[in-house]
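Next comes data_1.cif, with mmCIF, C-alpha atoms and all ligand atoms.
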```cif
data_target
#
loop_
_atom_site.label_atom_id
_atom_site.label_comp_id
_atom_site.auth_asym_id
_atom_site.auth_seq_id
_atom_site.Cartn_x
_atom_site.Cartn_y
_atom_site.Cartn_z
CA MET A 1 -37.10 21.30 -70.44
CA ALA A 2 -38.81 17.91 -70.68
CA VAL A 3 -40.90 16.41 -67.86
CA VAL A 4 -40.61 12.60 -67.78
CA GLY A 5 -43.12 10.78 -65.53
CA CYS A 6 -46.61 12.28 -65.56
CA GLY A 7 -48.14 10.75 -62.41
CA MET A 8 -49.43 12.23 -59.17
CA ILE A 9 -46.58 14.62 -58.30
CA SER A 10 -46.31 15.93 -61.88
CA HIS A 11 -49.36 18.15 -61.22
CA GLU A 12 -47.53 20.28 -58.65
CA TYR A 13 -44.36 20.38 -60.78
CA LEU A 14 -46.14 21.24 -64.04
CA ARG A 15 -48.30 23.89 -62.38
CA ASN A 16 -45.16 25.59 -61.06
CA LEU A 17 -42.71 24.98 -63.93
CA THR A 18 -45.18 26.43 -66.45
CA SER A 19 -45.69 29.49 -64.22
CA PHE A 20 -41.99 30.51 -63.94
CA ALA A 21 -41.04 32.98 -66.67
CA ASP A 22 -37.44 31.67 -66.88
CA LEU A 23 -38.52 28.17 -67.89
CA ARG A 24 -40.28 26.57 -70.82
CA VAL A 25 -41.61 23.03 -70.64
CA LEU A 26 -41.45 21.79 -74.22
CA VAL A 27 -42.52 18.17 -73.87
CA CYS A 28 -44.13 15.71 -71.43
CA ALA A 29 -43.30 11.99 -71.50
CA ASP A 30 -44.44 8.84 -69.72
CA LEU A 31 -44.41 5.07 -70.24
CA ASP A 32 -48.14 5.65 -70.61
CA THR A 33 -48.17 8.19 -73.47
CA GLY A 34 -51.88 8.84 -72.92
CA ARG A 35 -51.00 10.18 -69.48
CA ALA A 36 -48.24 12.36 -70.97
CA LYS A 37 -50.68 13.77 -73.55
CA ALA A 38 -53.30 14.50 -70.90
CA GLN A 39 -50.80 16.37 -68.68
CA ALA A 40 -49.40 18.29 -71.68
CA ALA A 41 -52.93 19.37 -72.68
CA ARG A 42 -53.84 20.34 -69.12
CA TYR A 43 -50.74 22.50 -68.53
CA GLY A 44 -50.29 23.96 -72.04
CA VAL A 45 -47.14 21.98 -72.89
CA PRO A 46 -46.78 21.88 -76.70
CA GLU A 47 -45.63 18.26 -77.18
CA ALA A 48 -46.01 14.82 -75.56
CA GLY A 49 -44.58 11.40 -76.26
CA ASP A 50 -42.18 8.75 -75.05
CA THR A 51 -38.99 9.26 -73.03
CA ALA A 52 -36.57 8.68 -75.92
CA ALA A 53 -38.22 11.36 -78.05
CA ALA A 54 -38.51 13.78 -75.11
CA VAL A 55 -34.84 13.64 -74.10
CA ALA A 56 -33.79 13.92 -77.76
CA HIS A 57 -36.01 16.98 -78.36
CA PRO A 58 -33.62 19.59 -79.83
CA GLY A 59 -34.87 22.40 -77.57
CA VAL A 60 -34.50 20.48 -74.31
CA GLU A 61 -31.56 21.35 -72.04
CA LEU A 62 -32.85 19.92 -68.75
CA VAL A 63 -34.87 16.75 -68.08
CA VAL A 64 -37.13 16.67 -64.99
CA ASN A 65 -37.35 13.02 -63.87
CA LEU A 66 -40.60 12.39 -61.98
CA THR A 67 -40.81 8.64 -62.59
CA VAL A 68 -41.13 6.00 -59.85
CA PRO A 69 -37.98 5.38 -57.75
CA ALA A 70 -37.14 2.10 -59.54
CA ALA A 71 -36.91 3.99 -62.87
CA HIS A 72 -34.98 7.04 -61.64
CA ALA A 73 -31.47 5.82 -62.49
CA ALA A 74 -32.35 4.52 -65.97
CA VAL A 75 -34.18 7.70 -67.00
CA THR A 76 -31.41 9.92 -65.59
CA ARG A 77 -28.78 7.85 -67.45
CA GLN A 78 -30.77 8.15 -70.69
CA ALA A 79 -31.04 11.93 -70.31
CA LEU A 80 -27.31 12.32 -69.52
CA ALA A 81 -26.46 10.19 -72.56
CA ALA A 82 -28.48 12.64 -74.67
CA GLY A 83 -26.42 15.53 -73.23
CA ARG A 84 -29.13 16.93 -70.93
CA HIS A 85 -28.89 18.20 -67.37
CA VAL A 86 -31.21 16.31 -65.00
CA TRP A 87 -33.41 17.17 -62.04
CA THR A 88 -34.60 13.98 -60.32
CA GLU A 89 -37.22 13.26 -57.71
CA LYS A 90 -36.06 11.36 -54.63
CA PRO A 91 -34.21 9.08 -54.32
CA LEU A 92 -31.36 9.73 -56.75
CA ALA A 93 -31.26 5.95 -57.35
CA THR A 94 -32.40 2.89 -55.44
CA ASP A 95 -28.88 2.32 -54.07
CA SER A 96 -25.99 4.59 -53.24
CA ALA A 97 -23.48 2.97 -55.61
CA ALA A 98 -25.84 3.52 -58.56
CA GLY A 99 -26.37 7.12 -57.45
CA GLN A 100 -22.61 7.76 -57.33
CA ARG A 101 -22.23 6.28 -60.85
CA LEU A 102 -24.82 8.80 -62.12
CA LEU A 103 -22.97 11.70 -60.47
CA ALA A 104 -19.70 10.51 -62.00
CA ALA A 105 -21.28 10.17 -65.46
CA ALA A 106 -22.70 13.70 -65.22
CA ALA A 107 -19.33 15.12 -64.11
CA ARG A 108 -17.56 13.37 -67.01
CA ALA A 109 -20.05 14.84 -69.48
CA GLY A 110 -19.93 18.35 -67.97
CA LEU A 111 -23.62 18.10 -67.05
CA ARG A 112 -25.44 18.79 -63.80
CA ILE A 113 -27.74 16.73 -61.61
CA GLY A 114 -30.11 18.32 -59.12
CA GLY A 115 -32.18 16.28 -56.70
CA ALA A 116 -35.28 16.49 -54.53
CA PRO A 117 -36.23 17.47 -51.96
CA ASP A 118 -36.31 21.17 -52.85
CA THR A 119 -38.26 21.96 -49.68
CA THR A 120 -34.81 23.03 -48.40
CA LEU A 121 -35.22 26.08 -50.70
CA GLY A 122 -38.62 27.00 -49.22
CA ALA A 123 -39.21 30.07 -47.06
CA GLY A 124 -39.40 28.03 -43.84
CA LEU A 125 -36.09 26.15 -43.97
CA GLN A 126 -34.27 29.06 -45.69
CA THR A 127 -35.35 31.47 -42.92
CA GLY A 128 -34.10 28.92 -40.38
CA ARG A 129 -30.76 28.65 -42.18
CA ARG A 130 -30.37 32.43 -42.30
CA LEU A 131 -31.04 32.61 -38.53
CA VAL A 132 -28.47 29.91 -37.79
CA THR A 133 -25.90 31.58 -40.07
CA ALA A 134 -26.52 34.92 -38.30
CA GLY A 135 -25.74 33.27 -34.95
CA ALA A 136 -29.28 33.38 -33.54
CA ILE A 137 -28.86 30.03 -31.71
CA GLY A 138 -25.11 30.25 -31.03
CA VAL A 139 -23.08 27.26 -32.19
CA PRO A 140 -25.38 24.49 -33.54
CA GLN A 141 -25.12 21.37 -31.38
CA THR A 142 -27.98 18.91 -31.81
CA GLY A 143 -31.05 18.14 -33.90
CA LEU A 144 -34.24 16.24 -33.09
CA ALA A 145 -36.51 15.05 -35.91
CA LEU A 146 -39.77 13.13 -35.43
CA PHE A 147 -42.05 11.61 -38.05
CA GLN A 148 -44.63 9.40 -36.35
CA ASP A 149 -47.66 7.95 -38.10
CA PRO A 150 -50.00 4.95 -37.72
CA GLY A 151 -49.09 3.92 -41.29
CA PRO A 152 -50.06 4.77 -44.88
CA GLU A 153 -52.23 1.62 -45.25
CA ARG A 154 -54.90 3.69 -43.48
CA TRP A 155 -55.28 6.10 -46.44
CA HIS A 156 -53.45 4.62 -49.47
CA ALA A 157 -55.48 2.26 -51.68
CA ASP A 158 -52.37 0.31 -52.84
CA PRO A 159 -49.91 0.70 -49.94
CA GLU A 160 -47.85 -2.50 -50.39
CA PHE A 161 -44.91 -0.73 -52.08
CA LEU A 162 -44.49 1.52 -49.03
CA PHE A 163 -43.59 -1.56 -46.94
CA GLN A 164 -41.05 -3.00 -49.39
CA PRO A 165 -37.25 -2.45 -49.67
CA GLY A 166 -36.59 1.10 -50.87
CA ALA A 167 -39.56 2.45 -48.90
CA GLY A 168 -40.74 2.14 -45.29
CA PRO A 169 -40.69 5.23 -43.07
CA LEU A 170 -36.90 5.52 -43.50
CA PHE A 171 -36.54 5.72 -47.30
CA ASP A 172 -39.90 7.41 -47.88
CA MET A 173 -39.71 10.18 -45.25
CA ALA A 174 -36.09 10.60 -44.08
CA PRO A 175 -34.98 12.46 -47.26
CA TYR A 176 -36.85 15.57 -46.03
CA TYR A 177 -35.39 15.47 -42.51
CA LEU A 178 -31.86 14.39 -43.50
CA ALA A 179 -31.60 16.98 -46.31
CA ALA A 180 -32.74 19.75 -43.95
CA LEU A 181 -30.26 18.65 -41.26
CA ALA A 182 -27.44 18.33 -43.81
CA THR A 183 -27.95 21.91 -45.04
CA LEU A 184 -27.73 23.08 -41.40
CA PHE A 185 -25.00 20.79 -40.02
CA GLY A 186 -23.01 19.83 -43.14
CA PRO A 187 -22.07 16.26 -44.10
CA ALA A 188 -22.81 13.29 -41.81
CA GLU A 189 -19.91 10.98 -41.00
CA GLN A 190 -21.44 8.04 -39.12
CA VAL A 191 -24.79 6.66 -37.98
CA ALA A 192 -26.26 4.11 -35.58
CA ALA A 193 -29.83 2.85 -35.68
CA ILE A 194 -32.41 0.45 -34.29
CA GLY A 195 -35.23 -0.91 -36.46
CA ARG A 196 -38.44 -2.52 -35.27
CA ARG A 197 -41.51 -4.01 -36.94
CA ALA A 198 -44.70 -3.91 -34.86
CA ARG A 199 -46.57 -6.31 -37.18
CA GLY A 200 -45.45 -8.78 -39.85
CA GLN A 201 -48.70 -8.21 -41.74
CA ARG A 202 -50.88 -5.15 -42.32
CA VAL A 203 -54.42 -4.64 -43.57
CA ILE A 204 -55.51 -2.12 -46.23
CA HIS A 205 -58.13 0.23 -44.73
CA ARG A 206 -59.34 2.18 -47.79
CA GLY A 207 -60.41 1.68 -51.38
CA PRO A 208 -61.61 -1.32 -53.41
CA ARG A 209 -59.08 -3.68 -51.75
CA ALA A 210 -59.98 -2.71 -48.14
CA GLY A 211 -59.59 -5.72 -45.85
CA THR A 212 -56.72 -7.22 -47.89
CA THR A 213 -53.75 -8.41 -45.80
CA PHE A 214 -50.17 -7.90 -47.01
CA ALA A 215 -46.70 -8.72 -45.69
CA VAL A 216 -44.31 -6.12 -44.26
CA ALA A 217 -40.75 -6.52 -45.57
CA VAL A 218 -38.95 -3.59 -43.86
CA PRO A 219 -38.62 -2.07 -40.36
CA THR A 220 -41.61 0.16 -39.69
CA HIS A 221 -40.05 2.03 -36.75
CA VAL A 222 -36.51 3.38 -37.11
CA THR A 223 -34.59 5.36 -34.50
CA ALA A 224 -31.31 6.78 -35.81
CA LEU A 225 -28.37 8.69 -34.38
CA VAL A 226 -26.40 10.76 -36.89
CA SER A 227 -22.98 12.20 -36.15
CA TYR A 228 -21.90 15.15 -38.35
CA ALA A 229 -18.31 15.89 -39.35
CA ARG A 230 -18.45 19.44 -37.96
CA GLY A 231 -19.47 18.11 -34.53
CA ALA A 232 -23.28 18.26 -34.41
CA ALA A 233 -25.41 15.21 -33.56
CA ALA A 234 -29.01 14.39 -34.46
CA THR A 235 -31.66 11.94 -33.31
CA LEU A 236 -34.38 10.87 -35.75
CA VAL A 237 -37.51 8.81 -35.15
CA LEU A 238 -39.28 7.63 -38.32
CA SER A 239 -42.30 5.45 -37.64
CA PHE A 240 -45.33 3.87 -39.29
CA ASP A 241 -46.05 2.13 -35.94
CA SER A 242 -47.17 5.11 -33.89
CA PRO A 243 -50.80 5.44 -32.73
CA LEU A 244 -49.99 9.15 -32.37
CA ARG A 245 -49.68 11.14 -35.62
CA ARG A 246 -46.87 13.72 -35.34
CA HIS A 247 -45.36 14.90 -38.62
CA GLY A 248 -42.69 17.47 -39.35
CA PHE A 249 -41.12 17.91 -35.90
CA LEU A 250 -37.64 19.38 -36.40
CA GLU A 251 -35.73 21.22 -33.67
CA ILE A 252 -32.12 22.43 -33.72
CA THR A 253 -30.42 23.29 -30.45
CA GLY A 254 -27.41 25.60 -30.26
CA THR A 255 -25.31 26.92 -27.40
CA GLU A 256 -27.66 29.92 -26.97
CA ALA A 257 -31.14 28.87 -28.09
CA THR A 258 -33.39 26.20 -29.56
CA LEU A 259 -34.82 26.73 -33.04
CA ALA A 260 -38.12 25.03 -33.98
CA LEU A 261 -38.26 24.64 -37.76
CA PRO A 262 -41.35 24.03 -39.87
CA ASP A 263 -42.21 20.63 -41.40
CA PRO A 264 -39.30 19.87 -43.80
CA ASN A 265 -41.83 18.32 -46.22
CA ARG A 266 -43.32 21.79 -46.70
CA PHE A 267 -42.10 25.07 -48.19
CA ASP A 268 -43.69 27.43 -45.65
CA GLY A 269 -44.43 27.28 -41.91
CA GLU A 270 -43.71 28.90 -38.60
CA ILE A 271 -40.21 29.38 -37.19
CA ARG A 272 -39.76 29.81 -33.44
CA ILE A 273 -36.74 30.50 -31.24
CA ARG A 274 -36.44 29.91 -27.50
CA PRO A 275 -33.32 31.35 -25.83
CA THR A 276 -31.68 29.46 -22.95
CA GLY A 277 -33.65 30.00 -19.73
CA SER A 278 -36.70 31.55 -21.43
CA ASP A 279 -40.16 30.05 -20.96
CA ASP A 280 -41.50 31.61 -24.16
CA TRP A 281 -41.02 31.01 -27.85
CA ILE A 282 -40.31 33.99 -30.13
CA THR A 283 -42.00 33.58 -33.53
CA VAL A 284 -40.02 34.69 -36.59
CA PRO A 285 -41.90 35.26 -39.87
CA ALA A 286 -40.71 33.11 -42.77
CA ALA A 287 -39.31 35.07 -45.72
CA GLY A 288 -38.79 33.50 -49.13
CA ALA A 289 -40.47 31.40 -51.78
CA THR A 290 -43.41 29.11 -51.01
CA ALA A 291 -44.46 28.15 -54.57
CA GLY A 292 -43.75 24.45 -53.97
CA ARG A 293 -42.08 21.63 -55.90
CA GLY A 294 -40.15 22.93 -58.90
CA LEU A 295 -38.23 25.65 -57.03
CA GLY A 296 -35.14 23.45 -57.18
CA VAL A 297 -35.50 23.07 -60.96
CA LEU A 298 -35.82 26.85 -61.35
CA ASP A 299 -32.78 27.51 -59.14
CA MET A 300 -30.83 24.92 -61.16
CA ALA A 301 -31.80 26.46 -64.52
CA ARG A 302 -30.84 29.94 -63.30
CA ALA A 303 -27.56 28.59 -61.90
CA ILE A 304 -26.72 26.91 -65.23
CA ARG A 305 -27.21 30.22 -67.07
CA ALA A 306 -25.24 32.14 -64.44
CA GLY A 307 -22.45 29.54 -64.21
CA VAL A 308 -22.80 29.23 -60.42
CA PRO A 309 -23.57 26.17 -58.24
CA HIS A 310 -27.23 25.17 -57.84
CA ARG A 311 -28.65 24.77 -54.34
CA ALA A 312 -30.18 21.28 -54.39
CA PRO A 313 -27.26 19.41 -55.95
CA GLY A 314 -27.12 15.72 -56.83
CA GLU A 315 -24.19 15.37 -54.41
CA LEU A 316 -26.51 16.30 -51.52
CA ALA A 317 -29.16 13.85 -52.79
CA GLY A 318 -26.44 11.18 -53.05
CA HIS A 319 -25.21 11.93 -49.52
CA VAL A 320 -28.76 11.64 -48.13
CA LEU A 321 -29.23 8.33 -49.98
CA GLU A 322 -25.97 6.95 -48.56
CA THR A 323 -26.95 8.14 -45.05
CA MET A 324 -30.29 6.27 -45.32
CA GLU A 325 -28.51 3.14 -46.55
CA ALA A 326 -26.08 3.34 -43.63
CA ILE A 327 -29.02 3.73 -41.19
CA ALA A 328 -30.71 0.64 -42.68
CA ARG A 329 -27.44 -1.34 -42.45
CA SER A 330 -26.88 -0.25 -38.85
CA ALA A 331 -30.42 -1.25 -37.88
CA GLY A 332 -29.69 -4.71 -39.30
CA ALA A 333 -26.16 -5.15 -37.95
CA GLY A 334 -26.36 -3.34 -34.61
CA ALA A 335 -23.14 -1.40 -35.27
CA PHE A 336 -22.08 2.14 -36.18
CA GLU A 337 -21.83 2.59 -39.94
CA PRO A 338 -19.76 5.23 -41.78
CA VAL A 339 -21.07 7.71 -44.37
CA ARG A 340 -18.30 8.42 -46.87
CA ASN A 341 -19.63 10.59 -49.71
CA THR A 342 -19.72 14.26 -49.00
CA PHE A 343 -21.07 17.48 -50.53
CA THR A 344 -20.54 21.23 -50.37
CA VAL A 345 -23.25 22.97 -48.31
CA PRO A 346 -25.14 25.17 -50.79
CA ASP A 347 -25.33 28.92 -50.19
CA PRO A 348 -28.66 30.09 -48.73
CA LEU A 349 -31.07 31.97 -50.99
CA ALA A 350 -31.61 35.70 -50.52
CA ALA A 351 -34.79 36.47 -48.52
CA ASP A 352 -36.20 38.32 -51.56
CA TRP A 353 -35.45 35.51 -54.07
CA ASP A 354 -38.46 35.61 -56.37
CA PRO A 355 -39.32 32.62 -58.56
CA HIS A 356 -41.72 34.66 -60.67
CA THR A 357 -39.35 37.46 -61.75
CA ARG A 358 -37.47 36.52 -64.88
CA THR A 359 -33.70 36.59 -64.38
CA THR A 360 -32.10 34.29 -66.94
CA LEU A 361 -31.05 34.86 -70.53
CA GLU A 362 -32.03 32.73 -73.50
CA ALA A 363 -29.54 30.04 -74.50
CA THR A 364 -27.18 31.20 -77.21
N1 LIG A 401 -46.98 11.69 -54.80
C1 LIG A 401 -46.40 12.49 -53.93
O1 LIG A 401 -47.05 13.12 -53.06
C2 LIG A 401 -44.91 12.69 -53.98
C3 LIG A 401 -44.36 13.68 -53.14
C4 LIG A 401 -43.00 13.93 -53.21
C5 LIG A 401 -42.21 13.18 -54.04
N2 LIG A 401 -42.74 12.21 -54.81
C6 LIG A 401 -41.83 11.43 -55.67
O2 LIG A 401 -42.17 11.64 -57.04
C7 LIG A 401 -41.91 10.46 -57.79
C8 LIG A 401 -43.17 10.07 -58.54
O3 LIG A 401 -44.20 9.86 -57.59
P1 LIG A 401 -45.73 9.87 -58.02
O4 LIG A 401 -46.50 9.82 -56.77
O5 LIG A 401 -45.97 10.94 -59.03
O6 LIG A 401 -45.81 8.43 -58.72
P2 LIG A 401 -46.87 7.95 -59.81
O7 LIG A 401 -46.83 6.46 -59.79
O8 LIG A 401 -48.17 8.64 -59.60
O9 LIG A 401 -46.27 8.49 -61.22
C9 LIG A 401 -45.09 8.03 -61.77
C10 LIG A 401 -45.21 8.06 -63.30
O10 LIG A 401 -43.97 7.66 -63.87
C11 LIG A 401 -44.24 6.84 -65.01
N3 LIG A 401 -43.08 6.00 -65.26
C12 LIG A 401 -42.64 4.94 -64.54
N4 LIG A 401 -41.53 4.45 -65.08
C13 LIG A 401 -41.25 5.20 -66.17
C14 LIG A 401 -40.21 5.17 -67.15
N5 LIG A 401 -39.24 4.25 -67.11
N6 LIG A 401 -40.25 6.09 -68.13
C15 LIG A 401 -41.22 7.02 -68.20
N7 LIG A 401 -42.23 7.09 -67.28
C16 LIG A 401 -42.24 6.19 -66.29
C17 LIG A 401 -45.49 6.07 -64.62
O11 LIG A 401 -46.15 5.58 -65.79
C18 LIG A 401 -46.28 7.13 -63.86
O12 LIG A 401 -47.15 7.86 -64.71
C19 LIG A 401 -41.40 9.43 -56.79
O13 LIG A 401 -40.00 9.42 -56.81
C20 LIG A 401 -41.90 9.94 -55.44
O14 LIG A 401 -41.02 9.57 -54.38
C21 LIG A 401 -44.07 11.96 -54.82
#
```

As structure tokens, please, write out the structure in this file.
Amino acid sequence: MAVVGCGMISHEYLRNLTSFADLRVLVCADLDTGRAKAQAARYGVPEAGDTAAAVAHPGVELVVNLTVPAAHAAVTRQALAAGRHVWTEKPLATDSAAGQRLLAAAARAGLRIGGAPDTTLGAGLQTGRRLVTAGAIGVPQTGLALFQDPGPERWHADPEFLFQPGAGPLFDMAPYYLAALATLFGPAEQVAAIGRRARGQRVIHRGPRAGTTFAVAVPTHVTALVSYARGAAATLVLSFDSPLRRHGFLEITGTEATLALPDPNRFDGEIRIRPTGSDDWITVPAAGATAGRGLGVLDMARAIRAGVPHRAPGELAGHVLETMEAIARSAGAGAFEPVRNTFTVPDPLAADWDPHTRTTLEAT
């Protein structure tokens, strides 16, 4: 495979992708080729260069797109045009229509797209899914997801982009919560939302530009209601306006019990169940893989060799992107908005799925 985009998150990916025996990273690429060379040297990747050369590398079958969101669609298109499968970081594209065009182009070419987040394949969320499938909470009814934070300008040295269209608490954080809910409840069919902005301007707290004021272009507190086709309903709060910091709250309630899931932005974590009428939580140990980002790429590569569906498909990433767009539209218009694109809920992983045991065959 080729890794395109050698910034901050490429460390976690390269550490993992170069540790899985099924995979070989042949080349790193970046707009800044110095950065690509440095990451290649650090993680023992044999070659480095620009994107065109990386996707055209004769040994590459799968391109891992870790560029910035604004570049995702162009890099994915370039890789598909070269006949490569693509794994892409979130979001699939900056708008849903562009994302659907990528999925259609891949389908026409007989290629696959996989999309972040792959935290849905981590031990925490997979254990939760296995419990729900086994009937541990009865029939799933509702979900409650909370991400509350005073805002990333408190720790990020250049936070402006997080308050521009395509970011904000909705587009930056909802992918984790919406992808987890979608794997539990299936496709969403409509949403309603309210958006608020506590301040029109914010001040950078950290780094060389501390004290600098910048304008806020998006809602910084979003409350959304999501209605799922199979009948479940979820409430999400996504906020950069909260004095209280509460990340990763995700609870699913069924007819028999409530299930408290771990932070959907993590691969591990505690799972607890509380049956109707009980005053105590029962803790369930998480079973599965906790290696981190890159698990979705590994699952996709194994699935390509085995000729079976991969478990973090582009269709799910596209559905999550459309759901976020519908939430943003509803917050602006004050009306329910439909979600039209759907996906097939991926099969759960086996509890003993091991990323470090080689399972795939060489390409013929
Ligand atoms: N940083 C995190 O903690 C984190 C966590 C989860 C997901 N992500 C996602 O990972 C992606 C990358 O985030 P990051 O924090 O690593 O960003 P970053 O800015 O640190 O790195 C992005 C890299 O992509 C390169 N790039 C940009 N456009 C390119 C193009 N057209 N062709 C080739 N290279 C290009 C840049 O030069 C840069 O080196 C984003 O989609 C982000 O949402 C990041």

- [ ] Measuring atom to atom with all atoms listed in the file, identify which of A:Leu131, A:Ala41, A:Ala93, A:Ala351 is nearest to ligand LIG 401 (chain A).
- [x] A:Ala93

Task: Distance criterion (only C-alpha atoms): nearest to Gly59 (chain A) out of A:Leu181, A:Leu146, A:Leu26, A:Ala82 - done: A:Leu26

Tell me which protein, DNA and RNA residues are within 10 Å of Gly200 (chain A), counting all atoms listed in the file, leaving out same-chain ones fewer than 3 positions away, and put them as an mmCIF file with C-alpha atoms, in the coordinates of the input.
```
data_model
loop_
_atom_site.group_PDB
_atom_site.id
_atom_site.type_symbol
_atom_site.label_atom_id
_atom_site.label_comp_id
_atom_site.auth_asym_id
_atom_site.auth_seq_id
_atom_site.Cartn_x
_atom_site.Cartn_y
_atom_site.Cartn_z
ATOM 1 C CA ARG A 197 -41.510 -4.010 -36.940
ATOM 2 C CA PHE A 214 -50.170 -7.900 -47.010
ATOM 3 C CA ALA A 215 -46.700 -8.720 -45.690
ATOM 4 C CA VAL A 216 -44.310 -6.120 -44.260
ATOM 5 C CA ALA A 217 -40.750 -6.520 -45.570
ATOM 6 C CA VAL A 218 -38.950 -3.590 -43.860
ATOM 7 C CA PRO A 219 -38.620 -2.070 -40.360
ATOM 8 C CA THR A 220 -41.610 0.160 -39.690
#
```

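CA of Glu12 (chain A) sits 18.8 Å away from atom C14 of ligand LIG 401 (chain A).
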
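With all atoms listed in the file as the atoms that count, the minimum distance from Leu14 (chain A) to the choices A:Ile252, A:Ala107, A:Ala291, A:Val284 is reached by A:Ala291.
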
TODO: May I ask for the distance between CA of Ala104 (chain A) and CA of Arg77 (chain A), given in Å to one decimal place?
DONE: 10.9 Å

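Restricting the calculation to all atoms listed in the file, the smallest distance between ligand LIG 401 (chain A) and any of A:Leu184, A:Arg112, A:Pro264, A:Asp241 is found for A:Pro264.
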
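For the set A:Ala81, A:Leu238, A:Ala2, A:Ala116, the residue with the smallest atom-to-atom gap to ligand LIG 401 (chain A) is A:Ala116, counting all atoms listed in the file.
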
Might I get the box with edges along x, y and z of the file that holds all atoms of ligand LIG 401 (chain A) listed there, padded by 4 Å on every side, given as centre and edge lengths in Å to one decimal, as lines of an AutoDock Vina configuration file?
```
center_x = -43.7
center_y = 9.1
center_z = -60.6
size_x = 16.9
size_y = 17.7
size_z = 23.1
```

Need the neighbours of (-32.9, 21.6, -31.9): which residues are at most 6 Å away, counting all atoms listed in the file, as a PDB file with C-alpha atoms, in the frame of the given file?
```
ATOM      1  CA  THR A 142     -27.980  18.910 -31.810  1.00  0.00           C
ATOM      2  CA  GLY A 143     -31.050  18.140 -33.900  1.00  0.00           C
ATOM      3  CA  LEU A 144     -34.240  16.240 -33.090  1.00  0.00           C
ATOM      4  CA  GLU A 251     -35.730  21.220 -33.670  1.00  0.00           C
ATOM      5  CA  ILE A 252     -32.120  22.430 -33.720  1.00  0.00           C
ATOM      6  CA  THR A 253     -30.420  23.290 -30.450  1.00  0.00           C
ATOM      7  CA  THR A 258     -33.390  26.200 -29.560  1.00  0.00           C
ATOM      8  CA  LEU A 259     -34.820  26.730 -33.040  1.00  0.00           C
TER       9      LEU A 259
END
```

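Minimum atom-to-atom distances from A:Gly44, A:Gly151, A:Gly294, A:Gly83 to ligand LIG 401 (chain A) were compared using all atoms listed in the file, and the lowest value belongs to A:Gly294.
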
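You will find CA of Asp268 (chain A) at 21.3 Å from CA of Asp149 (chain A).
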
Go through chain A residue by residue and, counting only C-alpha atoms and all ligand atoms, keep those with an atom at most 6 Å from ligand LIG 401 (chain A); for each kept residue give the shortest atom pair and its distance in Å to one decimal, ordered by chain and increasing number, as CSV.
```
residue,atom,partner,partner_atom,distance
A:Val4,CA,A:LIG401,C15,5.6
A:Gly5,CA,A:LIG401,O10,3.6
A:Cys6,CA,A:LIG401,O12,4.5
A:Gly7,CA,A:LIG401,O9,3.2
A:Met8,CA,A:LIG401,O5,3.7
A:Ile9,CA,A:LIG401,O5,3.8
A:Ser10,CA,A:LIG401,O5,5.8
A:Asp30,CA,A:LIG401,N7,3.7
A:Leu31,CA,A:LIG401,N7,4.2
A:Asp32,CA,A:LIG401,O11,5.2
A:Thr51,CA,A:LIG401,C15,5.8
A:Leu66,CA,A:LIG401,C7,4.8
A:Thr67,CA,A:LIG401,O10,3.5
A:Val68,CA,A:LIG401,C19,4.6
A:Pro69,CA,A:LIG401,O13,4.6
A:Ala71,CA,A:LIG401,N5,4.8
A:Glu89,CA,A:LIG401,O13,4.8
A:Lys90,CA,A:LIG401,O13,4.9
```

Determine, using all atoms listed in the file, which residues of region 166-264 of chain A have any atom at most 12 Å from an atom of region 327-338 of chain A, and tabulate each with its shortest atom pair and distance in Å to one decimal place, rows ordered by chain and then rising number, as a tab-separated table.
```
residue	atom	partner	partner_atom	distance
A:Gly166	CA	A:Ala328	CA	10.1
A:Ala167	CA	A:Ala328	CA	11.0
A:Gly168	CA	A:Ala328	CA	10.5
A:Pro169	CA	A:Ala328	CA	11.0
A:Leu170	CA	A:Ala328	CA	7.9
A:Phe171	CA	A:Ala328	CA	9.0
A:Ala174	CA	A:Ile327	CA	10.3
A:Leu178	CA	A:Ile327	CA	11.3
A:Pro187	CA	A:Pro338	CA	11.5
A:Ala188	CA	A:Pro338	CA	8.6
A:Glu189	CA	A:Pro338	CA	5.8
A:Gln190	CA	A:Pro338	CA	4.2
A:Val191	CA	A:Glu337	CA	5.4
A:Ala192	CA	A:Phe336	CA	4.7
A:Ala193	CA	A:Ala331	CA	4.7
A:Ile194	CA	A:Ala331	CA	4.4
A:Gly195	CA	A:Ala331	CA	5.0
A:Arg196	CA	A:Ala331	CA	8.5
A:Arg197	CA	A:Ala331	CA	11.5
A:Val218	CA	A:Ala328	CA	9.3
A:Pro219	CA	A:Ala331	CA	8.6
A:Thr220	CA	A:Ala328	CA	11.3
A:His221	CA	A:Ala331	CA	10.2
A:Val222	CA	A:Ala331	CA	7.7
A:Thr223	CA	A:Ala331	CA	8.5
A:Ala224	CA	A:Ile327	CA	6.6
A:Leu225	CA	A:Ile327	CA	8.4
A:Val226	CA	A:Ile327	CA	8.6
A:Ser227	CA	A:Pro338	CA	9.5
A:Tyr228	CA	A:Pro338	CA	10.7
A:Ala229	CA	A:Pro338	CA	11.0
A:Thr235	CA	A:Ile327	CA	11.7
A:Leu236	CA	A:Ile327	CA	10.5
A:Val237	CA	A:Ile327	CA	11.6
A:Leu238	CA	A:Ile327	CA	11.3
```

Task: Exercise: Asp299 (chain A) partners within 10 Å, only C-alpha atoms, chain neighbours under 3 positions left out, as a PyMOL selection string - done: chain A and resi 22+114+118+121+294-296+302-304+309-312+349+353+355
